[in-house]
Amino acid sequence: MKSVITLAIESSCDETSVAVVRDGRQVLSNIISTQMDEHRKFGGVVPEVASRRHIENIQGVVQESLDEAGVKFSDIDIVGVTYGAGLVGALLVGLSTAKAISFALGVPLVGVNHIEGHICANFIAHKELEPPFACLVVSGGHTHMVEVRGYGDYNVLGMTRDDAAGEAFDKLARAIGLGYPGGSKIDRAAKLGDKEAIDFPRAYLEKGSYDFSFSGLKSAALNYLNSKKMKKEEISIEDVSASYQEAIIDVLAERSIRACIEKGYKTLAIAGGVAANSRLRERLEGDAKAHGIQVKYPPIELCTDNAAMIGCAAYYDYIGGRVSSLDLNAVPGLRIGERE
């Protein structure tokens with residue numbers, strides 16, 4: 001069977017990324033142009049700025065990806081692109097580019113769900129991994145507990161009812177002066193702190209639920225910080241970070257391990273930017289081992305937004321018969337399992 005070469009584009013937030021992927025799992029190139037330094041001074045991503053930078057960067061990143069992979073446009077079999085979820089202006093830049101390339105080459109266009117792309121990063125990192133398995137998706141905008149029943153076949157068991165885990169990390173980081181992006185900075189500070197120093201709340205919700213809620217934790221942390229400031233008492237950034245991080249991870253770990261046990265899965269994957277958190281990996285590996293569950297997660301470079309994961313998802317959608325028309329539009333609020 002002839003190999004399928006996918007040109008993949010990801011522009012859902014503040015990374016302009018283009019990858020070339022062979023047969024879904026072999027990454028020939030994965031170029032990422034980040035805007036992190038530019039958005040840091042604003043304390044978060046500014047959508048209009050992100051969109052403008054994507055426009056400036058996309059053409060050069062496409063060419064760099066082709067050059068690194070050692071392929072020409074004529075070698076491309078399909079074009080995969082993120083069409084949701086994400087910032088609408090940012091999505092439209094990548095989507096417009098992908099449509100133009102697809103039309104010019106006369107090859108299929110495959111619209112990819114960004115969240116599903118994160119799950120597929122595990123297929124690249126672990127060549128032996130096959131469905132079914134459970135997956136915890138944790139990022140700045142999303143927190144989901146998902147059953148991966150097959151390639152492109154997902155069942156959402158639970159999701160956040162308010163703030164996502166990554167968003168909660170970013171908000172605390174801003175409040176204690178660590179800045180943006182918050183997740184990695186909280187992770188580093190927490191290594192020097194006492195995770196039992198502050199008794200922050202854990203929202204486990206109603207019995208049997210796989211949903212998440214972190215808004216109460218965020219409010220409790222802000223109240224704690226304000227109380228300390230009003231009393232002119234010293235605040236330990238390390239202890240606050242460790243205690244807050246542990247409160248988030250307690251809930252993530254409980255949901256993940258319980259989902260595996262109750263649904264009968266022996267493999268748990270982690271995906272999304274927060275999957276890079278060292279304490280989350282350590283905790284899940286420890287809890288899972290006690291129940292005979294294997295934990296899989298991508299390397300750091302595949303946890304954050306990247307086009308290689310989109311290329312993997314596009315390949316499996318394509319061989320499953322799912323392709324998109326050239327009138328495909330951006331869907332900022334796209335959910336797992338939804339199709340255009």
# chains A, B, ... in the order shown; residues from 1 in each chain; ligands from 1
>>> residues_around(residues="Gly264 in chain A", least_positions_apart="4", cutoff="10 Å", atoms="only C-alpha atoms", output="list in words")
Phe133, Ala134, Arg258, Ala259, Cys260 and Ile293 of chain A
>>> write_last_selection(atoms="all heavy atoms", output="mmCIF file, in the first residue's frame")
data_model
loop_
_atom_site.group_PDB
_atom_site.id
_atom_site.type_symbol
_atom_site.label_atom_id
_atom_site.label_comp_id
_atom_site.auth_asym_id
_atom_site.auth_seq_id
_atom_site.Cartn_x
_atom_site.Cartn_y
_atom_site.Cartn_z
ATOM 1 N N PHE A 133 -8.641 2.836 24.807
ATOM 2 C CA PHE A 133 -7.987 3.243 26.055
ATOM 3 C C PHE A 133 -8.703 4.493 26.572
ATOM 4 O O PHE A 133 -9.534 5.088 25.881
ATOM 5 C CB PHE A 133 -6.493 3.511 25.843
ATOM 6 C CG PHE A 133 -6.162 4.526 24.777
ATOM 7 C CD1 PHE A 133 -6.099 5.883 25.052
ATOM 8 C CD2 PHE A 133 -5.896 4.112 23.472
ATOM 9 C CE1 PHE A 133 -5.781 6.806 24.070
ATOM 10 C CE2 PHE A 133 -5.571 5.024 22.478
ATOM 11 C CZ PHE A 133 -5.516 6.370 22.770
ATOM 12 N N ALA A 134 -8.392 4.862 27.805
ATOM 13 C CA ALA A 134 -8.944 6.086 28.384
ATOM 14 C C ALA A 134 -7.923 7.193 28.220
ATOM 15 O O ALA A 134 -6.709 6.942 28.206
ATOM 16 C CB ALA A 134 -9.270 5.885 29.853
ATOM 17 N N ARG A 258 -10.306 6.260 38.308
ATOM 18 C CA ARG A 258 -11.654 5.693 38.456
ATOM 19 C C ARG A 258 -12.269 5.370 37.103
ATOM 20 O O ARG A 258 -12.942 4.341 36.936
ATOM 21 C CB ARG A 258 -12.555 6.658 39.239
ATOM 22 C CG ARG A 258 -13.984 6.127 39.429
ATOM 23 C CD ARG A 258 -14.698 6.840 40.563
ATOM 24 N NE ARG A 258 -14.779 8.271 40.351
ATOM 25 C CZ ARG A 258 -15.723 8.861 39.600
ATOM 26 N NH1 ARG A 258 -16.641 8.143 38.971
ATOM 27 N NH2 ARG A 258 -15.744 10.176 39.476
ATOM 28 N N ALA A 259 -12.041 6.217 36.106
ATOM 29 C CA ALA A 259 -12.572 5.946 34.763
ATOM 30 C C ALA A 259 -12.000 4.646 34.219
ATOM 31 O O ALA A 259 -12.728 3.825 33.637
ATOM 32 C CB ALA A 259 -12.250 7.103 33.824
ATOM 33 N N CYS A 260 -10.700 4.441 34.405
ATOM 34 C CA CYS A 260 -10.067 3.201 33.924
ATOM 35 C C CYS A 260 -10.643 1.980 34.630
ATOM 36 O O CYS A 260 -10.951 0.959 33.992
ATOM 37 C CB CYS A 260 -8.562 3.262 34.133
ATOM 38 S SG CYS A 260 -7.700 4.389 33.019
ATOM 39 N N ILE A 293 -2.496 -0.492 35.700
ATOM 40 C CA ILE A 293 -2.821 0.358 34.549
ATOM 41 C C ILE A 293 -1.539 0.995 34.018
ATOM 42 O O ILE A 293 -0.722 1.506 34.790
ATOM 43 C CB ILE A 293 -3.828 1.457 34.954
ATOM 44 C CG1 ILE A 293 -5.140 0.829 35.434
ATOM 45 C CG2 ILE A 293 -4.087 2.422 33.791
ATOM 46 C CD1 ILE A 293 -6.047 1.807 36.166
#
>>> select_by_dssp(residues="range 222-284 of chain A", states="helix (DSSP H, G or I)", output="VMD selection string")
chain A and resid 222 to 230 237 to 263 273 to 276 278 to 284
>>> write_last_selection(atoms="C-alpha atoms", output="PDB file, in the first residue's frame")
ATOM      1  CA  LEU A 222      -7.401  34.338  45.535  1.00  0.00           C
ATOM      2  CA  ASN A 223      -9.156  34.737  48.905  1.00  0.00           C
ATOM      3  CA  TYR A 224      -6.147  33.213  50.646  1.00  0.00           C
ATOM      4  CA  LEU A 225      -3.754  35.600  48.889  1.00  0.00           C
ATOM      5  CA  ASN A 226      -5.951  38.639  49.613  1.00  0.00           C
ATOM      6  CA  SER A 227      -6.258  37.667  53.269  1.00  0.00           C
ATOM      7  CA  LYS A 228      -2.490  37.370  53.591  1.00  0.00           C
ATOM      8  CA  LYS A 229      -1.952  40.742  51.937  1.00  0.00           C
ATOM      9  CA  MET A 230      -4.530  42.467  54.152  1.00  0.00           C
ATOM     10  CA  ILE A 237       4.986  31.339  46.441  1.00  0.00           C
ATOM     11  CA  GLU A 238       6.427  27.833  46.609  1.00  0.00           C
ATOM     12  CA  ASP A 239       3.931  26.576  49.210  1.00  0.00           C
ATOM     13  CA  VAL A 240       0.979  28.203  47.459  1.00  0.00           C
ATOM     14  CA  SER A 241       2.073  26.680  44.138  1.00  0.00           C
ATOM     15  CA  ALA A 242       2.581  23.200  45.586  1.00  0.00           C
ATOM     16  CA  SER A 243      -0.696  23.174  47.524  1.00  0.00           C
ATOM     17  CA  TYR A 244      -2.719  24.576  44.635  1.00  0.00           C
ATOM     18  CA  GLN A 245      -1.140  22.194  42.123  1.00  0.00           C
ATOM     19  CA  GLU A 246      -1.846  19.223  44.374  1.00  0.00           C
ATOM     20  CA  ALA A 247      -5.510  20.222  44.691  1.00  0.00           C
ATOM     21  CA  ILE A 248      -5.844  20.167  40.887  1.00  0.00           C
ATOM     22  CA  ILE A 249      -3.919  16.935  40.479  1.00  0.00           C
ATOM     23  CA  ASP A 250      -5.889  15.147  43.215  1.00  0.00           C
ATOM     24  CA  VAL A 251      -9.062  15.629  41.178  1.00  0.00           C
ATOM     25  CA  LEU A 252      -7.444  14.816  37.810  1.00  0.00           C
ATOM     26  CA  ALA A 253      -5.937  11.617  39.218  1.00  0.00           C
ATOM     27  CA  GLU A 254      -9.126  10.491  40.936  1.00  0.00           C
ATOM     28  CA  ARG A 255     -11.216  10.928  37.786  1.00  0.00           C
ATOM     29  CA  SER A 256      -8.636   9.265  35.542  1.00  0.00           C
ATOM     30  CA  ILE A 257      -7.979   6.168  37.638  1.00  0.00           C
ATOM     31  CA  ARG A 258     -11.654   5.693  38.456  1.00  0.00           C
ATOM     32  CA  ALA A 259     -12.572   5.946  34.763  1.00  0.00           C
ATOM     33  CA  CYS A 260     -10.067   3.201  33.924  1.00  0.00           C
ATOM     34  CA  ILE A 261     -11.309   0.939  36.712  1.00  0.00           C
ATOM     35  CA  GLU A 262     -15.020   1.453  36.097  1.00  0.00           C
ATOM     36  CA  LYS A 263     -14.764   1.232  32.300  1.00  0.00           C
ATOM     37  CA  GLY A 273      -0.276  21.154  27.569  1.00  0.00           C
ATOM     38  CA  VAL A 274      -0.811  20.196  31.218  1.00  0.00           C
ATOM     39  CA  ALA A 275       0.301  16.643  30.357  1.00  0.00           C
ATOM     40  CA  ALA A 276       3.808  18.141  30.572  1.00  0.00           C
ATOM     41  CA  SER A 278       5.905  16.619  36.174  1.00  0.00           C
ATOM     42  CA  ARG A 279       3.783  16.144  39.300  1.00  0.00           C
ATOM     43  CA  LEU A 280       0.766  14.997  37.247  1.00  0.00           C
ATOM     44  CA  ARG A 281       2.884  12.381  35.473  1.00  0.00           C
ATOM     45  CA  GLU A 282       4.428  11.213  38.737  1.00  0.00           C
ATOM     46  CA  ARG A 283       1.077  10.981  40.510  1.00  0.00           C
ATOM     47  CA  LEU A 284      -0.763   9.169  37.723  1.00  0.00           C
TER      48      LEU A 284
END
>>> residues_around(residues="Leu157 in chain A", least_positions_apart="5", cutoff="8 Å", atoms="only C-alpha atoms", output="list of chain:residue names")
A:His144, A:Met145, A:Val146, A:Glu147, A:Tyr210, A:Asp211
>>> write_last_selection(atoms="N, CA and C atoms", output="PDB file, in the first residue's frame")
ATOM      1  N   HIS A 144     -10.930  17.223  29.746  1.00  0.00           N
ATOM      2  CA  HIS A 144     -11.892  16.179  29.387  1.00  0.00           C
ATOM      3  C   HIS A 144     -11.415  14.809  29.862  1.00  0.00           C
ATOM      4  N   MET A 145     -12.365  13.971  30.218  1.00  0.00           N
ATOM      5  CA  MET A 145     -12.098  12.550  30.436  1.00  0.00           C
ATOM      6  C   MET A 145     -12.768  11.809  29.297  1.00  0.00           C
ATOM      7  N   VAL A 146     -11.966  11.116  28.487  1.00  0.00           N
ATOM      8  CA  VAL A 146     -12.453  10.591  27.206  1.00  0.00           C
ATOM      9  C   VAL A 146     -12.176   9.092  27.077  1.00  0.00           C
ATOM     10  N   GLU A 147     -13.131   8.373  26.518  1.00  0.00           N
ATOM     11  CA  GLU A 147     -12.897   7.006  26.066  1.00  0.00           C
ATOM     12  C   GLU A 147     -12.504   7.058  24.593  1.00  0.00           C
ATOM     13  N   TYR A 210     -17.816  12.302  36.228  1.00  0.00           N
ATOM     14  CA  TYR A 210     -16.466  12.417  35.675  1.00  0.00           C
ATOM     15  C   TYR A 210     -16.165  13.863  35.290  1.00  0.00           C
ATOM     16  N   ASP A 211     -17.062  14.795  35.616  1.00  0.00           N
ATOM     17  CA  ASP A 211     -16.845  16.200  35.303  1.00  0.00           C
ATOM     18  C   ASP A 211     -15.802  16.815  36.241  1.00  0.00           C
TER      19      ASP A 211
END
>>> select_by_dssp(residues="range 97-313 of chain A", states="strand (DSSP E)", output="JSON, numbers by chain")
{"A": [109, 110, 111, 112, 113, 133, 134, 135, 136, 137, 138, 143, 144, 145, 146, 147, 148, 149, 150, 153, 154, 155, 156, 157, 158, 159, 267, 268, 269, 270, 271, 294, 295, 296]}
>>> residues_around(residues="Asp67 in chain A", least_positions_apart="6", cutoff="12 Å", atoms="only C-alpha atoms", output="list in words")
Val18, Ala19, Val20, Leu28, Ser29, Asn30, Ile31, Gly60, Val61 and Phe73 of chain A
>>> residues_around(residues="range 106-121 of chain A", least_positions_apart="5", cutoff="6 Å", atoms="only C-alpha atoms", output="PyMOL selection string")
chain A and resi 77-85+271-272+309-310+313-314+323-324
>>> closest_residue(among="A:Gly208, A:Cys312, A:Leu268, A:Asp37", to="Gln294 in chain A", atoms="only C-alpha atoms")
A:Leu268
>>> residues_around(residues="Lys185 in chain A", least_positions_apart="6", cutoff="9 Å", atoms="only C-alpha atoms", output="CSV table (one decimal) with all heavy atoms, in the first residue's frame")
chain,number,residue,atom,x,y,z
A,173,ALA,N,-0.8,31.8,38.6
A,173,ALA,CA,0.5,32.3,38.3
A,173,ALA,C,0.5,33.8,38.2
A,173,ALA,O,1.4,34.5,38.6
A,173,ALA,CB,1.0,31.7,37.0
A,178,LEU,N,4.1,35.2,39.0
A,178,LEU,CA,4.9,34.4,38.2
A,178,LEU,C,4.8,34.7,36.7
A,178,LEU,O,5.7,34.4,35.9
A,178,LEU,CB,4.7,32.9,38.4
A,178,LEU,CG,5.0,32.4,39.8
A,178,LEU,CD1,4.7,30.9,39.9
A,178,LEU,CD2,6.5,32.6,40.1
A,179,GLY,N,3.7,35.3,36.3
A,179,GLY,CA,3.5,35.6,34.9
A,179,GLY,C,3.0,34.5,34.0
A,179,GLY,O,2.6,33.5,34.5
A,241,SER,N,2.0,27.4,45.4
A,241,SER,CA,2.1,26.7,44.1
A,241,SER,C,1.9,25.2,44.4
A,241,SER,O,1.1,24.5,43.7
A,241,SER,CB,3.4,27.0,43.4
A,241,SER,OG,3.5,28.3,43.1
>>> residues_around(residues="Thr160 in chain A", least_positions_apart="6", cutoff="6 Å", atoms="only C-alpha atoms", output="VMD selection string")
chain A and resid 143 211 to 213
>>> write_last_selection(atoms="C-alpha atoms", output="mmCIF file, in the first residue's frame")
data_model
loop_
_atom_site.group_PDB
_atom_site.id
_atom_site.type_symbol
_atom_site.label_atom_id
_atom_site.label_comp_id
_atom_site.auth_asym_id
_atom_site.auth_seq_id
_atom_site.Cartn_x
_atom_site.Cartn_y
_atom_site.Cartn_z
ATOM 1 C CA THR A 143 -10.203 19.402 30.534
ATOM 2 C CA ASP A 211 -16.845 16.200 35.303
ATOM 3 C CA PHE A 212 -14.342 18.729 36.637
ATOM 4 C CA SER A 213 -14.646 22.110 38.351
#
>>> atom_distance(atom1="CA of Tyr154 in chain A", atom2="CA of Gly140 in chain A")
20.6 Å
>>> atom_distance(atom1="CA of Ser74 in chain A", atom2="CA of Tyr315 in chain A")
17.6 Å
>>> atom_distance(atom1="CA of Ala125 in chain A", atom2="CA of Ala50 in chain A")
28.4 Å
